[in-house]
file input.txt (compact mmCIF, N, CA and C atoms and all ligand atoms)
# COMPACT_ATOMS: atom_id res chain seq x y z
N MET K 8 -42.07 -38.87 -14.76
CA MET K 8 -42.14 -40.34 -14.74
C MET K 8 -40.87 -40.91 -14.09
N LYS K 9 -41.09 -41.80 -13.17
CA LYS K 9 -39.96 -42.49 -12.57
C LYS K 9 -39.97 -43.94 -13.01
N GLY K 10 -38.80 -44.51 -13.09
CA GLY K 10 -38.73 -45.90 -13.50
C GLY K 10 -37.95 -46.72 -12.51
N ARG K 11 -38.25 -48.00 -12.55
CA ARG K 11 -37.48 -48.95 -11.75
C ARG K 11 -37.03 -50.06 -12.69
N VAL K 12 -35.77 -50.38 -12.61
CA VAL K 12 -35.19 -51.34 -13.55
C VAL K 12 -34.60 -52.52 -12.78
N GLU K 13 -34.86 -53.70 -13.30
CA GLU K 13 -34.18 -54.89 -12.76
C GLU K 13 -33.41 -55.55 -13.89
N ILE K 14 -32.14 -55.78 -13.63
CA ILE K 14 -31.29 -56.43 -14.62
C ILE K 14 -30.92 -57.82 -14.11
N ASP K 15 -31.22 -58.84 -14.91
CA ASP K 15 -30.85 -60.21 -14.55
C ASP K 15 -29.39 -60.42 -14.92
N ARG K 16 -28.53 -60.34 -13.92
CA ARG K 16 -27.10 -60.35 -14.20
C ARG K 16 -26.62 -61.70 -14.76
N GLU K 17 -27.40 -62.76 -14.53
CA GLU K 17 -27.01 -64.06 -15.09
C GLU K 17 -27.39 -64.19 -16.56
N LEU K 18 -28.41 -63.45 -17.02
CA LEU K 18 -28.78 -63.46 -18.44
C LEU K 18 -27.92 -62.51 -19.25
N CYS K 19 -27.38 -61.49 -18.61
CA CYS K 19 -26.64 -60.44 -19.31
C CYS K 19 -25.33 -60.99 -19.90
N LYS K 20 -25.06 -60.61 -21.17
CA LYS K 20 -23.83 -61.03 -21.84
C LYS K 20 -22.81 -59.88 -21.92
N GLY K 21 -23.16 -58.76 -21.31
CA GLY K 21 -22.22 -57.65 -21.28
C GLY K 21 -21.98 -56.98 -22.62
N CYS K 22 -22.95 -57.04 -23.52
CA CYS K 22 -22.75 -56.48 -24.87
C CYS K 22 -22.66 -54.96 -24.86
N GLY K 23 -23.26 -54.34 -23.86
CA GLY K 23 -23.17 -52.88 -23.74
C GLY K 23 -24.21 -52.09 -24.52
N TYR K 24 -25.11 -52.77 -25.21
CA TYR K 24 -26.13 -52.04 -25.98
C TYR K 24 -26.95 -51.12 -25.08
N CYS K 25 -27.31 -51.62 -23.92
CA CYS K 25 -28.14 -50.82 -23.01
C CYS K 25 -27.37 -49.62 -22.46
N VAL K 26 -26.07 -49.80 -22.29
CA VAL K 26 -25.23 -48.70 -21.79
C VAL K 26 -25.27 -47.54 -22.78
N ILE K 27 -25.20 -47.88 -24.07
CA ILE K 27 -25.23 -46.86 -25.13
C ILE K 27 -26.63 -46.27 -25.26
N ALA K 28 -27.64 -47.11 -25.10
CA ALA K 28 -29.02 -46.66 -25.35
C ALA K 28 -29.57 -45.75 -24.25
N CYS K 29 -29.10 -45.89 -23.04
CA CYS K 29 -29.70 -45.15 -21.93
C CYS K 29 -29.42 -43.65 -22.04
N PRO K 30 -30.46 -42.84 -22.22
CA PRO K 30 -30.25 -41.39 -22.36
C PRO K 30 -29.75 -40.74 -21.08
N LYS K 31 -29.94 -41.39 -19.95
CA LYS K 31 -29.49 -40.83 -18.67
C LYS K 31 -28.08 -41.28 -18.31
N ARG K 32 -27.53 -42.20 -19.09
CA ARG K 32 -26.16 -42.71 -18.84
C ARG K 32 -26.02 -43.25 -17.41
N ILE K 33 -26.98 -44.07 -17.02
CA ILE K 33 -26.95 -44.58 -15.65
C ILE K 33 -26.76 -46.10 -15.61
N ILE K 34 -26.33 -46.67 -16.73
CA ILE K 34 -26.03 -48.10 -16.74
C ILE K 34 -24.53 -48.26 -16.94
N GLY K 35 -23.93 -49.04 -16.06
CA GLY K 35 -22.48 -49.25 -16.13
C GLY K 35 -22.15 -50.72 -15.98
N THR K 36 -20.90 -51.06 -16.21
CA THR K 36 -20.47 -52.45 -16.13
C THR K 36 -20.07 -52.81 -14.71
N ASP K 37 -20.51 -53.98 -14.28
CA ASP K 37 -20.17 -54.47 -12.95
C ASP K 37 -18.70 -54.90 -12.92
N SER K 38 -18.11 -54.95 -11.75
CA SER K 38 -16.71 -55.33 -11.64
C SER K 38 -16.54 -56.83 -11.38
N GLU K 39 -17.66 -57.53 -11.17
CA GLU K 39 -17.58 -58.99 -10.94
C GLU K 39 -18.33 -59.71 -12.05
N PHE K 40 -17.72 -60.75 -12.59
CA PHE K 40 -18.39 -61.45 -13.67
C PHE K 40 -19.46 -62.40 -13.15
N ASN K 41 -20.35 -62.78 -14.08
CA ASN K 41 -21.44 -63.68 -13.70
C ASN K 41 -21.02 -65.14 -13.91
N LYS K 42 -21.98 -66.05 -13.72
CA LYS K 42 -21.63 -67.48 -13.80
C LYS K 42 -21.16 -67.89 -15.19
N ALA K 43 -21.64 -67.16 -16.21
CA ALA K 43 -21.25 -67.48 -17.58
C ALA K 43 -19.92 -66.83 -17.96
N GLY K 44 -19.36 -66.03 -17.07
CA GLY K 44 -18.07 -65.41 -17.33
C GLY K 44 -18.13 -64.06 -17.99
N TYR K 45 -19.31 -63.47 -18.05
CA TYR K 45 -19.45 -62.12 -18.62
C TYR K 45 -19.49 -61.09 -17.50
N TYR K 46 -19.06 -59.89 -17.83
CA TYR K 46 -19.24 -58.79 -16.89
C TYR K 46 -20.61 -58.17 -17.16
N PRO K 47 -21.58 -58.39 -16.28
CA PRO K 47 -22.92 -57.85 -16.53
C PRO K 47 -22.98 -56.37 -16.20
N VAL K 48 -24.09 -55.77 -16.60
CA VAL K 48 -24.26 -54.34 -16.30
C VAL K 48 -25.10 -54.18 -15.04
N ARG K 49 -25.05 -52.99 -14.51
CA ARG K 49 -25.85 -52.66 -13.33
C ARG K 49 -26.23 -51.18 -13.42
N LEU K 50 -27.24 -50.82 -12.65
CA LEU K 50 -27.65 -49.41 -12.62
C LEU K 50 -26.75 -48.65 -11.66
N THR K 51 -26.16 -47.56 -12.13
CA THR K 51 -25.26 -46.80 -11.27
C THR K 51 -26.02 -45.74 -10.46
N ARG K 52 -27.10 -45.21 -11.06
CA ARG K 52 -27.90 -44.20 -10.33
C ARG K 52 -29.38 -44.51 -10.54
N PRO K 53 -29.91 -45.49 -9.83
CA PRO K 53 -31.30 -45.92 -10.04
C PRO K 53 -32.31 -44.80 -9.88
N GLU K 54 -31.99 -43.84 -9.02
CA GLU K 54 -32.94 -42.76 -8.76
C GLU K 54 -33.14 -41.85 -9.97
N ALA K 55 -32.22 -41.91 -10.93
CA ALA K 55 -32.32 -41.03 -12.10
C ALA K 55 -33.10 -41.67 -13.26
N CYS K 56 -33.51 -42.91 -13.09
CA CYS K 56 -34.20 -43.62 -14.19
C CYS K 56 -35.57 -43.01 -14.46
N THR K 57 -35.87 -42.80 -15.75
CA THR K 57 -37.15 -42.22 -16.14
C THR K 57 -38.17 -43.27 -16.58
N GLY K 58 -37.73 -44.51 -16.68
CA GLY K 58 -38.63 -45.57 -17.14
C GLY K 58 -38.88 -45.55 -18.63
N CYS K 59 -37.94 -44.97 -19.40
CA CYS K 59 -38.14 -44.82 -20.85
C CYS K 59 -38.14 -46.16 -21.58
N MET K 60 -37.58 -47.17 -20.98
CA MET K 60 -37.57 -48.55 -21.50
C MET K 60 -36.63 -48.79 -22.67
N LEU K 61 -35.82 -47.80 -23.05
CA LEU K 61 -34.91 -48.01 -24.18
C LEU K 61 -33.92 -49.14 -23.90
N CYS K 62 -33.47 -49.22 -22.67
CA CYS K 62 -32.50 -50.28 -22.32
C CYS K 62 -33.10 -51.66 -22.55
N ALA K 63 -34.36 -51.84 -22.12
CA ALA K 63 -35.02 -53.14 -22.28
C ALA K 63 -35.27 -53.45 -23.75
N GLU K 64 -35.59 -52.42 -24.52
CA GLU K 64 -35.91 -52.65 -25.94
C GLU K 64 -34.69 -53.11 -26.73
N VAL K 65 -33.51 -52.65 -26.37
CA VAL K 65 -32.33 -53.01 -27.16
C VAL K 65 -31.65 -54.28 -26.67
N CYS K 66 -32.04 -54.78 -25.51
CA CYS K 66 -31.33 -55.93 -24.93
C CYS K 66 -31.65 -57.22 -25.69
N PRO K 67 -30.66 -57.83 -26.34
CA PRO K 67 -30.91 -59.06 -27.10
C PRO K 67 -31.17 -60.26 -26.20
N GLU K 68 -30.82 -60.17 -24.93
CA GLU K 68 -30.99 -61.30 -24.01
C GLU K 68 -32.26 -61.19 -23.16
N VAL K 69 -33.03 -60.14 -23.36
CA VAL K 69 -34.24 -59.89 -22.56
C VAL K 69 -33.89 -59.98 -21.07
N ALA K 70 -32.80 -59.33 -20.70
CA ALA K 70 -32.31 -59.40 -19.32
C ALA K 70 -32.79 -58.22 -18.48
N ILE K 71 -33.52 -57.28 -19.11
CA ILE K 71 -33.91 -56.06 -18.39
C ILE K 71 -35.42 -55.95 -18.29
N MET K 72 -35.89 -55.72 -17.08
CA MET K 72 -37.32 -55.44 -16.85
C MET K 72 -37.44 -54.01 -16.35
N VAL K 73 -38.43 -53.30 -16.86
CA VAL K 73 -38.64 -51.90 -16.46
C VAL K 73 -40.06 -51.71 -15.95
N TRP K 74 -40.18 -51.04 -14.83
CA TRP K 74 -41.49 -50.64 -14.31
C TRP K 74 -41.54 -49.12 -14.29
N ARG K 75 -42.71 -48.60 -14.55
CA ARG K 75 -42.88 -47.15 -14.51
C ARG K 75 -43.83 -46.78 -13.40
N GLU K 76 -43.55 -45.67 -12.75
CA GLU K 76 -44.52 -45.14 -11.79
C GLU K 76 -44.69 -43.66 -12.02
N ALA K 77 -45.91 -43.21 -11.91
CA ALA K 77 -46.20 -41.80 -12.14
C ALA K 77 -45.58 -40.96 -11.03
N ALA K 78 -45.10 -39.77 -11.38
CA ALA K 78 -44.52 -38.86 -10.38
C ALA K 78 -45.60 -38.41 -9.41
N ARG K 79 -45.20 -38.28 -8.14
CA ARG K 79 -46.19 -37.88 -7.13
C ARG K 79 -46.07 -36.41 -6.85
S1 LIG C 1 -35.46 -47.16 -18.45
FE1 LIG C 1 -34.45 -45.53 -19.64
S2 LIG C 1 -33.53 -44.16 -18.11
FE2 LIG C 1 -34.03 -46.10 -17.06
S3 LIG C 1 -32.12 -47.27 -17.17
FE3 LIG C 1 -33.40 -47.89 -18.93
S4 LIG C 1 -32.72 -46.56 -20.64
FE4 LIG C 1 -31.95 -45.66 -18.71
S1 LIG C 2 -28.17 -55.05 -23.55
FE1 LIG C 2 -28.75 -56.80 -22.22
S2 LIG C 2 -27.13 -58.32 -22.55
FE2 LIG C 2 -26.37 -56.36 -23.34
S3 LIG C 2 -25.23 -55.44 -21.61
FE3 LIG C 2 -27.34 -54.67 -21.49
S4 LIG C 2 -28.44 -56.08 -20.10
FE4 LIG C 2 -26.54 -57.08 -20.76

call {"tool": "encode", "arguments": {"input": "input.txt", "output": "structure tokens", "more": "lines below"}}
Ligand code: SF4
Ligand code: SF4
result
Amino acid sequence: MKGRVEIDRELCKGCGYCVIACPKRIIGTDSEFNKAGYYPVRLTRPEACTGCMLCAEVCPEVAIMVWREAAR
């Protein structure tokens, strides 16, 4: 299973829950803050995402969308 993740950097508060939750450790903190003054997260290795959705489930701001696609 492959996944595709979109993170809304303006909704993100930089709490880091998704960073801890991701079993692939592919979510990291951005070096530029957003309009609200938080450092949002970003995907460091999108190609490694499995689409497990754990990041989206733990996000209190509903800032993460996950799509899954079957392996070809
Ligand atoms: S869907 Fe799973 S593997 Fe992909 S970024 Fe989120 S927690 Fe990590
Ligand atoms: S859990 Fe949501 S609000 Fe917290 S760092 Fe991740 S994307 Fe941002």

call {"tool": "atom_distance", "arguments": {"input": "input.txt", "atom1": "atom C of Gly10 in chain K", "atom2": "atom C of Gly58 in chain K"}}
result
6.3 Å

call {"tool": "closest_residue", "arguments": {"input": "input.txt", "among": "K:Met60, K:Pro67, K:Ala28, K:Arg16", "to": "Lys42 in chain K", "atoms": "only N, CA and C atoms"}}
result
K:Arg16

call {"tool": "residues_around", "arguments": {"input": "input.txt", "residues": "Asp37 in chain K", "least_positions_apart": "2", "cutoff": "6.5 Å", "atoms": "only N, CA and C atoms", "output": "PyMOL selection string"}}
result
chain K and resi 35+39-40+46-49

call {"tool": "select_by_dssp", "arguments": {"input": "input.txt", "residues": "chain K", "states": "strand (DSSP E)", "output": "ChimeraX atom specification"}}
result
/K:9-14,34-36,48-50,71-76

call {"tool": "residues_near_ligand", "arguments": {"input": "input.txt", "ligand": "ligand LIG 1 (chain C)", "cutoff": "6 Å", "atoms": "only N, CA and C atoms and all ligand atoms", "output": "list of chain:residue names"}}
result
K:Gly10, K:Ala28, K:Cys29, K:Pro30, K:Lys31, K:Arg32, K:Ile33, K:Ile34, K:Ala55, K:Cys56, K:Thr57, K:Gly58, K:Cys59, K:Met60, K:Leu61, K:Cys62, K:Ala63

call {"tool": "closest_residue", "arguments": {"input": "input.txt", "among": "K:Thr36, K:Ile27, K:Ile71, K:Ala43", "to": "Ile14 in chain K", "atoms": "only N, CA and C atoms"}}
result
K:Ile71

call {"tool": "atom_distance", "arguments": {"input": "input.txt", "atom1": "atom N of Arg11 in chain K", "atom2": "atom C of Gly23 in chain K"}}
result
18.9 Å

call {"tool": "closest_residue", "arguments": {"input": "input.txt", "among": "K:Met72, K:Leu50, K:Cys22, K:Met8", "to": "ligand LIG 2 (chain C)", "atoms": "only N, CA and C atoms and all ligand atoms"}}
result
K:Cys22
